[in-house]
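Content type CSV, C-alpha atoms, from the file work-v3.csv:
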chain,number,residue,atom,x,y,z
A,1,MET,CA,50.2,44.0,-122.7
A,2,LYS,CA,52.4,47.1,-122.9
A,3,ARG,CA,51.4,50.1,-120.8
A,4,GLU,CA,52.6,53.7,-120.9
A,5,ILE,CA,54.1,55.3,-117.8
A,6,GLY,CA,54.7,59.0,-117.5
A,7,ILE,CA,58.3,59.9,-116.4
A,8,GLY,CA,59.3,63.1,-114.8
A,9,ILE,CA,62.9,64.1,-114.6
A,10,ILE,CA,64.2,66.8,-112.3
A,11,GLY,CA,67.4,68.3,-113.7
A,12,GLY,CA,68.2,68.7,-117.4
A,13,GLY,CA,72.0,68.8,-117.2
A,14,TYR,CA,74.5,66.0,-117.8
A,15,MET,CA,72.6,63.3,-115.9
A,16,GLY,CA,69.2,64.7,-116.8
A,17,LYS,CA,70.0,64.2,-120.5
A,18,ALA,CA,71.4,60.7,-119.8
A,19,HIS,CA,68.2,59.7,-118.2
A,20,ALA,CA,66.0,61.3,-120.8
A,21,VAL,CA,67.8,59.4,-123.6
A,22,ALA,CA,67.6,56.2,-121.5
A,23,TYR,CA,63.9,56.4,-121.0
A,24,SER,CA,63.4,57.2,-124.7
A,25,GLY,CA,65.1,54.0,-125.7
A,26,VAL,CA,64.7,51.5,-122.9
A,27,GLY,CA,61.4,50.1,-124.2
A,28,ALA,CA,62.9,49.2,-127.5
A,29,VAL,CA,66.2,47.9,-126.2
A,30,PHE,CA,64.7,45.6,-123.5
A,31,ASP,CA,61.0,45.3,-124.6
A,32,THR,CA,59.8,46.4,-121.2
A,33,THR,CA,56.2,45.9,-120.1
A,34,LEU,CA,56.1,49.6,-119.1
A,35,ARG,CA,56.8,52.0,-122.0
A,36,PRO,CA,58.1,55.4,-120.7
A,37,ARG,CA,56.6,58.6,-121.9
A,38,LEU,CA,58.7,61.8,-121.1
A,39,ALA,CA,55.9,63.7,-119.4
A,40,ARG,CA,57.7,66.6,-117.8
A,41,VAL,CA,61.1,68.0,-117.0
A,42,ALA,CA,62.0,70.5,-114.3
A,43,ALA,CA,65.0,72.8,-114.2
A,44,GLY,CA,66.2,76.0,-112.5
A,45,SER,CA,64.2,78.3,-114.7
A,46,GLN,CA,61.3,78.1,-117.2
A,47,VAL,CA,63.6,79.1,-120.0
A,48,SER,CA,66.1,76.3,-119.3
A,49,ALA,CA,63.3,73.8,-118.6
A,50,GLU,CA,61.7,74.6,-122.0
A,51,ARG,CA,65.0,74.3,-123.7
A,52,TYR,CA,65.5,70.8,-122.2
A,53,ALA,CA,61.9,69.8,-123.1
A,54,GLN,CA,62.4,70.7,-126.7
A,55,ALA,CA,65.9,69.1,-127.0
A,56,PHE,CA,64.9,65.8,-125.2
A,57,GLY,CA,61.3,65.4,-126.2
A,58,PHE,CA,59.4,66.1,-123.0
A,59,GLU,CA,55.7,67.0,-123.2
A,60,ARG,CA,55.9,69.8,-120.6
A,61,ALA,CA,58.4,71.9,-118.7
A,62,SER,CA,58.5,73.6,-115.3
A,63,PRO,CA,60.9,75.8,-113.4
A,64,ASP,CA,60.4,74.0,-110.1
A,65,TRP,CA,60.3,70.3,-109.0
A,66,GLN,CA,57.1,70.6,-107.0
A,67,THR,CA,55.0,71.2,-110.1
A,68,LEU,CA,56.5,68.1,-111.6
A,69,VAL,CA,55.8,66.0,-108.6
A,70,ASP,CA,52.2,67.3,-108.4
A,71,ASP,CA,51.6,66.6,-112.1
A,72,ALA,CA,49.2,63.7,-112.5
A,73,ALA,CA,50.8,62.8,-115.8
A,74,VAL,CA,54.0,62.1,-114.0
A,75,GLU,CA,53.8,58.6,-112.6
A,76,ALA,CA,57.4,58.0,-111.6
A,77,VAL,CA,60.1,60.6,-110.6
A,78,VAL,CA,63.7,60.6,-111.6
A,79,ILE,CA,65.9,62.9,-109.4
A,80,ALA,CA,69.0,64.2,-111.3
A,81,SER,CA,69.5,67.4,-109.4
A,82,PRO,CA,72.1,68.4,-106.8
A,83,GLN,CA,72.5,66.3,-103.6
A,84,ASP,CA,71.0,68.9,-101.3
A,85,THR,CA,67.7,68.7,-103.2
A,86,HIS,CA,67.3,64.9,-103.0
A,87,ARG,CA,65.6,64.6,-99.7
A,88,GLY,CA,62.8,67.2,-100.2
A,89,ILE,CA,62.0,65.9,-103.7
A,90,ALA,CA,61.9,62.2,-102.7
A,91,MET,CA,59.7,62.9,-99.6
A,92,ALA,CA,57.2,64.8,-101.8
A,93,ALA,CA,57.2,62.1,-104.4
A,94,PHE,CA,56.6,59.4,-101.9
A,95,ALA,CA,53.8,61.4,-100.3
A,96,SER,CA,52.2,61.6,-103.7
A,97,GLY,CA,52.4,57.8,-104.1
A,98,LYS,CA,55.1,57.8,-106.8
A,99,PRO,CA,58.1,55.6,-107.3
A,100,VAL,CA,61.5,57.4,-107.1
A,101,PHE,CA,64.8,56.9,-108.8
A,102,CYS,CA,67.5,59.1,-107.2
A,103,GLU,CA,71.0,59.7,-108.5
A,104,LYS,CA,73.8,58.9,-106.0
A,105,PRO,CA,74.5,59.7,-103.3
A,106,LEU,CA,71.1,59.2,-101.6
A,107,GLY,CA,71.3,62.6,-99.9
A,108,ALA,CA,73.7,65.4,-98.9
A,109,SER,CA,74.2,63.9,-95.5
A,110,LEU,CA,73.8,60.7,-93.5
A,111,GLU,CA,70.7,62.3,-91.9
A,112,ASP,CA,69.2,62.8,-95.3
A,113,ALA,CA,69.9,59.2,-96.4
A,114,LYS,CA,68.3,57.8,-93.2
A,115,ALA,CA,65.2,59.9,-93.6
A,116,MET,CA,64.8,59.0,-97.3
A,117,ALA,CA,65.3,55.2,-96.7
A,118,ASP,CA,62.8,55.3,-93.8
A,119,MET,CA,60.3,57.2,-96.0
A,120,ALA,CA,60.7,54.7,-98.8
A,121,VAL,CA,59.8,51.8,-96.5
A,122,ALA,CA,56.9,53.7,-94.9
A,123,ALA,CA,55.5,54.7,-98.3
A,124,GLU,CA,55.9,51.2,-99.7
A,125,GLN,CA,57.1,52.6,-103.0
A,126,VAL,CA,59.8,51.5,-105.4
A,127,ALA,CA,62.9,53.4,-104.6
A,128,MET,CA,66.2,53.0,-106.5
A,129,VAL,CA,69.6,54.8,-106.3
A,130,GLY,CA,71.8,55.4,-109.4
A,131,PHE,CA,75.0,53.4,-108.9
A,132,ASN,CA,75.2,52.8,-112.6
A,133,TYR,CA,78.7,51.3,-112.9
A,134,ALA,CA,77.7,48.1,-111.2
A,135,GLY,CA,75.3,47.4,-114.0
A,136,THR,CA,77.9,46.8,-116.8
A,137,PRO,CA,77.9,43.3,-118.2
A,138,ALA,CA,81.5,42.7,-117.1
A,139,PHE,CA,80.8,43.9,-113.5
A,140,GLN,CA,77.7,41.6,-113.3
A,141,LEU,CA,79.8,38.8,-114.6
A,142,ALA,CA,82.4,39.4,-111.9
A,143,LYS,CA,79.6,39.1,-109.3
A,144,GLU,CA,78.4,35.9,-110.8
A,145,LEU,CA,81.9,34.4,-110.8
A,146,LEU,CA,82.5,35.3,-107.2
A,147,ASN,CA,79.1,33.8,-106.2
A,148,GLU,CA,80.1,30.6,-108.0
A,149,GLY,CA,83.4,30.4,-106.1
A,150,ALA,CA,85.5,30.8,-109.2
A,151,VAL,CA,88.5,32.2,-107.3
A,152,GLY,CA,88.0,30.2,-104.1
A,153,ASP,CA,87.9,31.8,-100.7
A,154,ILE,CA,88.4,35.5,-100.9
A,155,THR,CA,91.5,36.8,-99.1
A,156,TRP,CA,91.8,40.4,-100.2
A,157,PHE,CA,89.9,43.2,-102.0
A,158,ARG,CA,91.2,46.5,-103.5
A,159,GLY,CA,88.9,49.1,-104.9
A,160,GLU,CA,89.4,52.6,-106.2
A,161,HIS,CA,87.6,55.4,-107.9
A,162,ALA,CA,90.1,57.8,-109.3
A,163,GLU,CA,89.7,60.7,-111.8
A,164,ASP,CA,91.7,63.8,-112.6
A,165,PHE,CA,89.2,66.5,-113.3
A,166,LEU,CA,90.8,68.6,-110.5
A,167,ALA,CA,94.4,67.4,-110.9
A,168,ASP,CA,95.5,70.8,-112.2
A,169,PRO,CA,95.9,73.2,-109.2
A,170,LYS,CA,95.2,76.1,-111.5
A,171,ALA,CA,91.8,74.8,-112.4
A,172,PRO,CA,88.9,76.6,-110.5
A,173,GLY,CA,87.2,74.5,-107.9
A,174,LEU,CA,83.8,76.1,-108.2
A,175,TRP,CA,81.2,74.4,-106.1
A,176,ARG,CA,83.1,71.2,-106.0
A,177,GLY,CA,85.7,72.7,-103.6
A,178,GLN,CA,83.1,73.6,-101.0
A,179,GLY,CA,81.3,71.5,-98.4
A,180,ASP,CA,81.7,67.8,-97.4
A,181,ALA,CA,79.0,66.6,-99.7
A,182,ASN,CA,80.9,67.9,-102.8
A,183,GLY,CA,84.3,66.5,-101.7
A,184,THR,CA,85.7,63.2,-103.0
A,185,LEU,CA,84.2,61.2,-100.1
A,186,GLY,CA,80.8,62.6,-100.9
A,187,ASP,CA,81.1,62.6,-104.7
A,188,LEU,CA,83.2,59.8,-106.1
A,189,ALA,CA,83.5,57.4,-103.1
A,190,PRO,CA,79.9,56.2,-103.1
A,191,HIS,CA,80.3,54.4,-106.4
A,192,MET,CA,83.1,52.3,-105.2
A,193,ILE,CA,81.8,51.8,-101.7
A,194,PHE,CA,78.6,50.4,-103.3
A,195,ALA,CA,80.7,48.2,-105.7
A,196,ALA,CA,82.8,46.9,-102.9
A,197,GLN,CA,79.8,45.9,-100.8
A,198,THR,CA,78.0,44.4,-103.8
A,199,LEU,CA,80.9,42.1,-104.5
A,200,MET,CA,82.2,41.5,-101.0
A,201,GLY,CA,79.3,42.0,-98.5
A,202,ASP,CA,78.9,44.8,-95.9
A,203,ILE,CA,81.9,46.8,-94.7
A,204,THR,CA,82.1,46.5,-90.9
A,205,GLN,CA,85.3,48.4,-90.0
A,206,VAL,CA,87.2,51.2,-91.6
A,207,SER,CA,90.5,53.2,-91.0
A,208,ALA,CA,90.7,56.2,-93.3
A,209,VAL,CA,92.7,59.3,-94.1
A,210,LEU,CA,91.3,62.4,-96.0
A,211,GLU,CA,93.6,64.8,-97.7
A,212,THR,CA,93.2,68.2,-99.5
A,213,VAL,CA,96.0,68.1,-102.0
A,214,HIS,CA,95.4,71.6,-103.5
A,215,GLU,CA,94.2,73.8,-100.6
A,216,THR,CA,93.7,76.9,-102.7
A,217,ARG,CA,92.6,77.4,-106.3
A,218,PRO,CA,92.1,80.5,-108.5
A,219,ASP,CA,88.6,81.0,-107.1
A,220,GLY,CA,89.4,80.6,-103.5
A,221,GLN,CA,90.0,78.2,-100.6
A,222,VAL,CA,89.2,74.5,-100.9
A,223,THR,CA,87.2,73.4,-97.9
A,224,ASN,CA,86.8,69.7,-98.7
A,225,ASP,CA,88.8,66.6,-99.6
A,226,ASP,CA,90.7,65.8,-102.8
A,227,GLN,CA,91.5,62.2,-102.0
A,228,VAL,CA,90.7,59.5,-99.5
A,229,GLN,CA,92.3,56.2,-98.7
A,230,GLY,CA,91.8,53.6,-96.1
A,231,MET,CA,91.7,50.0,-95.0
A,232,CYS,CA,88.5,48.2,-94.4
A,233,ARG,CA,87.2,44.8,-93.2
A,234,PHE,CA,84.1,43.1,-94.6
A,235,SER,CA,81.5,41.1,-92.7
A,236,THR,CA,83.2,37.9,-94.0
A,237,GLY,CA,86.4,38.9,-92.2
A,238,THR,CA,88.2,39.7,-95.4
A,239,MET,CA,90.5,42.8,-95.4
A,240,GLY,CA,90.5,45.4,-98.1
A,241,HIS,CA,91.9,48.7,-99.3
A,242,LEU,CA,89.9,51.7,-100.7
A,243,PHE,CA,91.2,54.7,-102.6
A,244,PHE,CA,89.2,57.7,-104.0
A,245,SER,CA,90.7,60.7,-105.8
A,246,ARG,CA,89.7,63.6,-108.0
A,247,VAL,CA,93.3,64.6,-108.5
A,248,ALA,CA,94.7,61.4,-109.9
A,249,THR,CA,96.5,62.7,-113.0
A,250,GLY,CA,95.8,60.5,-116.1
A,251,ARG,CA,92.8,58.7,-114.7
A,252,LYS,CA,89.5,59.6,-116.4
A,253,MET,CA,87.0,57.0,-115.1
A,254,GLY,CA,89.2,54.9,-112.9
A,255,LEU,CA,86.6,52.8,-111.1
A,256,ALA,CA,88.7,49.7,-110.6
A,257,PHE,CA,88.8,46.6,-108.4
A,258,GLU,CA,90.8,43.5,-107.7
A,259,VAL,CA,89.6,40.5,-105.8
A,260,VAL,CA,92.1,37.9,-104.7
A,261,GLY,CA,91.1,34.4,-103.7
A,262,THR,CA,92.7,31.1,-102.8
A,263,LYS,CA,92.1,29.7,-106.3
A,264,GLY,CA,92.4,32.8,-108.5
A,265,ALA,CA,91.8,36.5,-108.9
A,266,ILE,CA,89.6,39.0,-110.8
A,267,ARG,CA,90.4,42.4,-112.1
A,268,PHE,CA,88.3,45.1,-113.6
A,269,ASP,CA,88.7,48.7,-114.7
A,270,GLN,CA,85.9,50.9,-115.8
A,271,GLU,CA,88.1,52.6,-118.4
A,272,ASP,CA,88.0,49.3,-120.2
A,273,GLN,CA,84.4,48.4,-119.2
A,274,ASN,CA,83.9,45.6,-121.7
A,275,ALA,CA,86.7,43.5,-120.3
A,276,LEU,CA,87.1,41.4,-117.2
A,277,TRP,CA,90.4,39.8,-116.3
A,278,LEU,CA,90.2,36.3,-114.6
A,279,TYR,CA,93.1,34.3,-113.2
A,280,ARG,CA,92.7,30.7,-112.3
A,281,ALA,CA,95.3,28.9,-110.3
A,282,GLU,CA,95.2,25.7,-112.3
A,283,GLY,CA,97.2,23.9,-115.0
A,284,ALA,CA,100.9,24.2,-115.6
A,285,GLU,CA,102.6,27.2,-114.0
A,286,ARG,CA,104.4,28.0,-117.2
A,287,THR,CA,101.1,28.8,-119.0
A,288,ARG,CA,99.2,30.4,-116.2
A,289,GLY,CA,98.1,34.0,-116.5
A,290,PHE,CA,95.2,36.4,-116.5
A,291,THR,CA,92.6,35.7,-119.2
A,292,LYS,CA,90.9,38.7,-120.8
A,293,ILE,CA,87.1,38.0,-121.1
A,294,LEU,CA,85.4,40.4,-123.5
A,295,ALA,CA,81.8,41.2,-122.7
A,296,GLY,CA,79.3,39.4,-125.1
A,297,PRO,CA,75.8,38.1,-125.4
A,298,GLU,CA,76.5,35.4,-122.8
A,299,HIS,CA,76.9,38.0,-120.1
A,300,PRO,CA,74.1,39.9,-118.2
A,301,ASP,CA,72.2,42.5,-120.1
A,302,TYR,CA,74.6,42.6,-123.1
A,303,ALA,CA,72.5,40.8,-125.8
A,304,ALA,CA,69.8,43.4,-125.7
A,305,PHE,CA,72.3,45.9,-127.1
A,306,CYS,CA,74.3,43.8,-129.5
A,307,GLN,CA,74.5,40.2,-130.8
A,308,GLY,CA,78.3,40.3,-131.3
A,309,PRO,CA,80.8,39.6,-128.5
A,310,GLY,CA,83.5,42.2,-128.1
A,311,HIS,CA,81.5,45.0,-129.8
A,312,GLY,CA,81.0,46.5,-126.4
A,313,THR,CA,78.5,48.7,-124.4
A,314,GLY,CA,79.1,52.2,-123.2
A,315,TYR,CA,78.2,54.7,-120.5
A,316,GLN,CA,74.7,55.5,-121.9
A,317,ASP,CA,73.9,51.8,-122.0
A,318,GLN,CA,74.5,51.7,-118.2
A,319,ILE,CA,71.8,54.2,-117.7
A,320,ILE,CA,69.5,52.3,-120.0
A,321,ILE,CA,70.1,49.2,-117.9
A,322,GLU,CA,69.2,51.2,-114.8
A,323,ALA,CA,66.0,52.4,-116.4
A,324,LYS,CA,65.1,48.8,-117.3
A,325,THR,CA,65.5,47.7,-113.7
A,326,PHE,CA,63.4,50.7,-112.4
A,327,LEU,CA,60.6,50.0,-114.8
A,328,GLN,CA,60.6,46.2,-114.0
A,329,ALA,CA,60.6,47.0,-110.3
A,330,ILE,CA,57.5,49.3,-110.7
A,331,ALA,CA,55.8,46.5,-112.7
A,332,GLY,CA,56.6,44.1,-109.9
A,333,GLU,CA,58.8,41.9,-112.0
A,334,VAL,CA,62.1,42.3,-110.0
A,335,ALA,CA,63.2,43.9,-106.8
A,336,ALA,CA,64.5,47.5,-106.9
A,337,PHE,CA,68.3,47.3,-106.8
A,338,PRO,CA,70.2,49.3,-105.8
A,339,SER,CA,67.5,50.2,-103.2
A,340,PHE,CA,67.4,53.2,-100.9
A,341,SER,CA,68.5,50.8,-98.2
A,342,ASP,CA,71.6,50.1,-100.2
A,343,GLY,CA,72.1,53.8,-100.7
A,344,LEU,CA,71.8,54.3,-96.9
A,345,SER,CA,74.4,51.6,-96.3
A,346,VAL,CA,76.9,53.5,-98.6
A,347,SER,CA,76.2,56.7,-96.7
A,348,ILE,CA,76.9,54.9,-93.4
A,349,VAL,CA,80.2,53.7,-94.6
A,350,ALA,CA,81.2,57.1,-95.9
A,351,ASP,CA,80.3,58.7,-92.6
A,352,ALA,CA,82.3,56.1,-90.7
A,353,MET,CA,85.3,56.8,-92.9
A,354,ARG,CA,85.0,60.5,-92.1
A,355,LYS,CA,84.8,59.8,-88.4
A,356,SER,CA,87.8,57.5,-88.6
A,357,ALA,CA,89.9,60.2,-90.3
A,358,ASP,CA,88.8,62.7,-87.6
A,359,LYS,CA,89.8,60.3,-84.8
A,360,GLY,CA,92.9,58.8,-86.5
A,361,ALA,CA,91.7,55.3,-85.6
A,362,TRP,CA,89.7,52.3,-86.7
A,363,VAL,CA,86.0,52.7,-86.2
A,364,GLU,CA,83.1,50.2,-86.4
A,365,VAL,CA,80.5,50.7,-89.2
A,366,PRO,CA,77.0,50.7,-87.7
A,367,GLY,CA,74.4,48.4,-89.4
A,368,ARG,CA,71.9,50.1,-91.7

Could you show the structure in this file as structure tokens?
Amino acid sequence: MKREIGIGIIGGGYMGKAHAVAYSGVGAVFDTTLRPRLARVAAGSQVSAERYAQAFGFERASPDWQTLVDDAAVEAVVIASPQDTHRGIAMAAFASGKPVFCEKPLGASLEDAKAMADMAVAAEQVAMVGFNYAGTPAFQLAKELLNEGAVGDITWFRGEHAEDFLADPKAPGLWRGQGDANGTLGDLAPHMIFAAQTLMGDITQVSAVLETVHETRPDGQVTNDDQVQGMCRFSTGTMGHLFFSRVATGRKMGLAFEVVGTKGAIRFDQEDQNALWLYRAEGAERTRGFTKILAGPEHPDYAAFCQGPGHGTGYQDQIIIEAKTFLQAIAGEVAAFPSFSDGLSVSIVADAMRKSADKGAWVEVPGR
């Protein structure tokens, strides 16, 4: 039997809209047991909150998140506000006995992430983090193939998240140019760190370098990192390389990885999110090569959107897949993934990379 659940979304901007659209459509796309109702939206002012409510279909609006958390009609909380608000909102929601979905990263600092993960366990509530790119059908297929041993024993991993939204040195940095949490290691890196650990297992050692490419911009001094690169070692012993940049000219959504094994290799690039490239070291050498696999109904979560292979899914569909998992976790049908514990693990790796850059040496990554 279907049951309604009141959803409260904090933040009505880019991600707030994405989540509002996702919860409006997820029940029809996946026929979920819980059917979301957009109960309340909270934003920075009553005017903006009411504007979002009217545009996205929320029943009520408020200028502060506390009112939303306290609203009995809100049965689950989605945090789509700036990083420095995540901890306070999550703590209040857990104290009210409500499940929480929090956009990445888990908090503005490792301390935040630890506190939030601990509170999630203590509250015994469903708690998920928004690493949406790992939900694409092609990414999920890559994970399945690796689990099946399709490329043999893994010998190397390369992962990057590169964009160019600050490639122009004349572009204003605004808030993105200030504070560690808004730098590339705090902003873009978490997506690929999570992807790497999902595919390869925990990162146990890192050696990293941070760089500010454009130290000044029209609106002032840049105080955080434009790009980060480093070597890493996974719990399996496999070596890897990670690269993150917001100044990678020409790259728009360059979350990409390559996994090399003894019997083959896998490649993926989010800019072509409906394709996975698979190489198998078998057959005649003259006809070997990477095979392009187009996402289709045989792959995870694809058929709910489309019955035709190659037609493709998009960014908004990733958010719908997240919403589906969150609702299923609340209903007790699946485990919450990515969990707050997974989000904490990502924050631990990012913190270790920063410490490595400061020391100019390899550092061990503590367990979560």

Discussion item. Need to verify the contact set: His191 (chain A), 9 Å, all atoms listed in the file, exclusion of same-chain residues closer than 3 positions in sequence. Can you return it as an NGL selection string?
Written reply: :A and (104-105 or 131-134 or 161 or 187-188 or 194-196 or 255 or 346)

Practice prompt. Using all atoms listed in the file, pick whichever of A:Thr262, A:Gln221, A:Thr184, A:Ser48 has the shortest atom-to-atom distance to Gly149 (chain A).
Written response: A:Thr262

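Across A:Gly12, A:Gly135, A:Gly314, A:Gly159, the tightest approach to Tyr52 (chain A) is made by A:Gly12 when counting all atoms listed in the file.
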
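Residue nearest Phe101 (chain A) within the list A:Ser356, A:Thr313, A:Ser347, A:Thr325: A:Thr325 [criterion: smallest interatomic distance, all atoms listed in the file].
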
Practice prompt. Using only C-alpha atoms, find all polymer residues with an atom at most 6 Å away from the point (92.8, 36.2, -117.4); report them as an MDAnalysis selection string.
Written response: chainID A and resid 277:279 289:292

Starting from the incomplete input, reconstruct N, CA and C atoms of region 315-341 of chain A and write that as a JSON list (two decimals), in the frame of the given file.
[["chain", "number", "residue", "atom", "x", "y", "z"],
["A", 315, "TYR", "N", 78.72, 54.05, -121.69],
["A", 315, "TYR", "CA", 78.20, 54.70, -120.50],
["A", 315, "TYR", "C", 76.66, 54.85, -120.60],
["A", 316, "GLN", "N", 76.17, 55.32, -121.73],
["A", 316, "GLN", "CA", 74.70, 55.50, -121.90],
["A", 316, "GLN", "C", 73.96, 54.21, -121.69],
["A", 317, "ASP", "N", 74.56, 53.12, -122.11],
["A", 317, "ASP", "CA", 73.90, 51.80, -122.00],
["A", 317, "ASP", "C", 73.74, 51.46, -120.48],
["A", 318, "GLN", "N", 74.66, 51.90, -119.64],
["A", 318, "GLN", "CA", 74.50, 51.70, -118.20],
["A", 318, "GLN", "C", 73.24, 52.33, -117.67],
["A", 319, "ILE", "N", 72.97, 53.51, -118.16],
["A", 319, "ILE", "CA", 71.80, 54.20, -117.70],
["A", 319, "ILE", "C", 70.51, 53.58, -118.24],
["A", 320, "ILE", "N", 70.60, 53.02, -119.43],
["A", 320, "ILE", "CA", 69.50, 52.30, -120.00],
["A", 320, "ILE", "C", 69.18, 51.03, -119.15],
["A", 321, "ILE", "N", 70.24, 50.35, -118.72],
["A", 321, "ILE", "CA", 70.10, 49.20, -117.90],
["A", 321, "ILE", "C", 69.42, 49.56, -116.54],
["A", 322, "GLU", "N", 69.82, 50.70, -115.98],
["A", 322, "GLU", "CA", 69.20, 51.20, -114.80],
["A", 322, "GLU", "C", 67.69, 51.46, -115.00],
["A", 323, "ALA", "N", 67.38, 52.11, -116.11],
["A", 323, "ALA", "CA", 66.00, 52.40, -116.40],
["A", 323, "ALA", "C", 65.17, 51.14, -116.56],
["A", 324, "LYS", "N", 65.74, 50.13, -117.18],
["A", 324, "LYS", "CA", 65.10, 48.80, -117.30],
["A", 324, "LYS", "C", 64.72, 48.25, -115.97],
["A", 325, "THR", "N", 65.69, 48.26, -115.05],
["A", 325, "THR", "CA", 65.50, 47.70, -113.70],
["A", 325, "THR", "C", 64.39, 48.48, -112.97],
["A", 326, "PHE", "N", 64.44, 49.81, -113.08],
["A", 326, "PHE", "CA", 63.40, 50.70, -112.40],
["A", 326, "PHE", "C", 62.04, 50.36, -112.91],
["A", 327, "LEU", "N", 61.89, 50.25, -114.23],
["A", 327, "LEU", "CA", 60.60, 50.00, -114.80],
["A", 327, "LEU", "C", 60.11, 48.56, -114.40],
["A", 328, "GLN", "N", 61.01, 47.60, -114.42],
["A", 328, "GLN", "CA", 60.60, 46.20, -114.00],
["A", 328, "GLN", "C", 60.23, 46.19, -112.54],
["A", 329, "ALA", "N", 60.91, 46.98, -111.72],
["A", 329, "ALA", "CA", 60.60, 47.00, -110.30],
["A", 329, "ALA", "C", 59.17, 47.63, -110.09],
["A", 330, "ILE", "N", 58.87, 48.68, -110.84],
["A", 330, "ILE", "CA", 57.50, 49.30, -110.70],
["A", 330, "ILE", "C", 56.47, 48.31, -111.18],
["A", 331, "ALA", "N", 56.78, 47.51, -112.19],
["A", 331, "ALA", "CA", 55.80, 46.50, -112.70],
["A", 331, "ALA", "C", 55.75, 45.29, -111.80],
["A", 332, "GLY", "N", 56.59, 45.23, -110.77],
["A", 332, "GLY", "CA", 56.60, 44.10, -109.90],
["A", 332, "GLY", "C", 57.27, 42.87, -110.37],
["A", 333, "GLU", "N", 58.13, 43.05, -111.38],
["A", 333, "GLU", "CA", 58.80, 41.90, -112.00],
["A", 333, "GLU", "C", 60.14, 41.56, -111.33],
["A", 334, "VAL", "N", 60.79, 42.55, -110.74],
["A", 334, "VAL", "CA", 62.10, 42.30, -110.00],
["A", 334, "VAL", "C", 62.07, 43.25, -108.80],
["A", 335, "ALA", "N", 63.01, 42.98, -107.90],
["A", 335, "ALA", "CA", 63.20, 43.90, -106.80],
["A", 335, "ALA", "C", 63.99, 45.10, -107.20],
["A", 336, "ALA", "N", 63.71, 46.24, -106.56],
["A", 336, "ALA", "CA", 64.50, 47.50, -106.90],
["A", 336, "ALA", "C", 65.89, 47.30, -106.35],
["A", 337, "PHE", "N", 66.87, 47.40, -107.24],
["A", 337, "PHE", "CA", 68.30, 47.30, -106.80],
["A", 337, "PHE", "C", 69.12, 48.14, -107.76],
["A", 338, "PRO", "N", 69.94, 49.00, -107.19],
["A", 338, "PRO", "CA", 70.20, 49.30, -105.80],
["A", 338, "PRO", "C", 69.00, 50.02, -105.13],
["A", 339, "SER", "N", 68.64, 49.62, -103.93],
["A", 339, "SER", "CA", 67.50, 50.20, -103.20],
["A", 339, "SER", "C", 67.98, 51.40, -102.37],
["A", 340, "PHE", "N", 67.01, 52.12, -101.81],
["A", 340, "PHE", "CA", 67.40, 53.20, -100.90],
["A", 340, "PHE", "C", 68.10, 52.65, -99.67],
["A", 341, "SER", "N", 67.77, 51.42, -99.28],
["A", 341, "SER", "CA", 68.50, 50.80, -98.20],
["A", 341, "SER", "C", 69.96, 50.60, -98.53]]
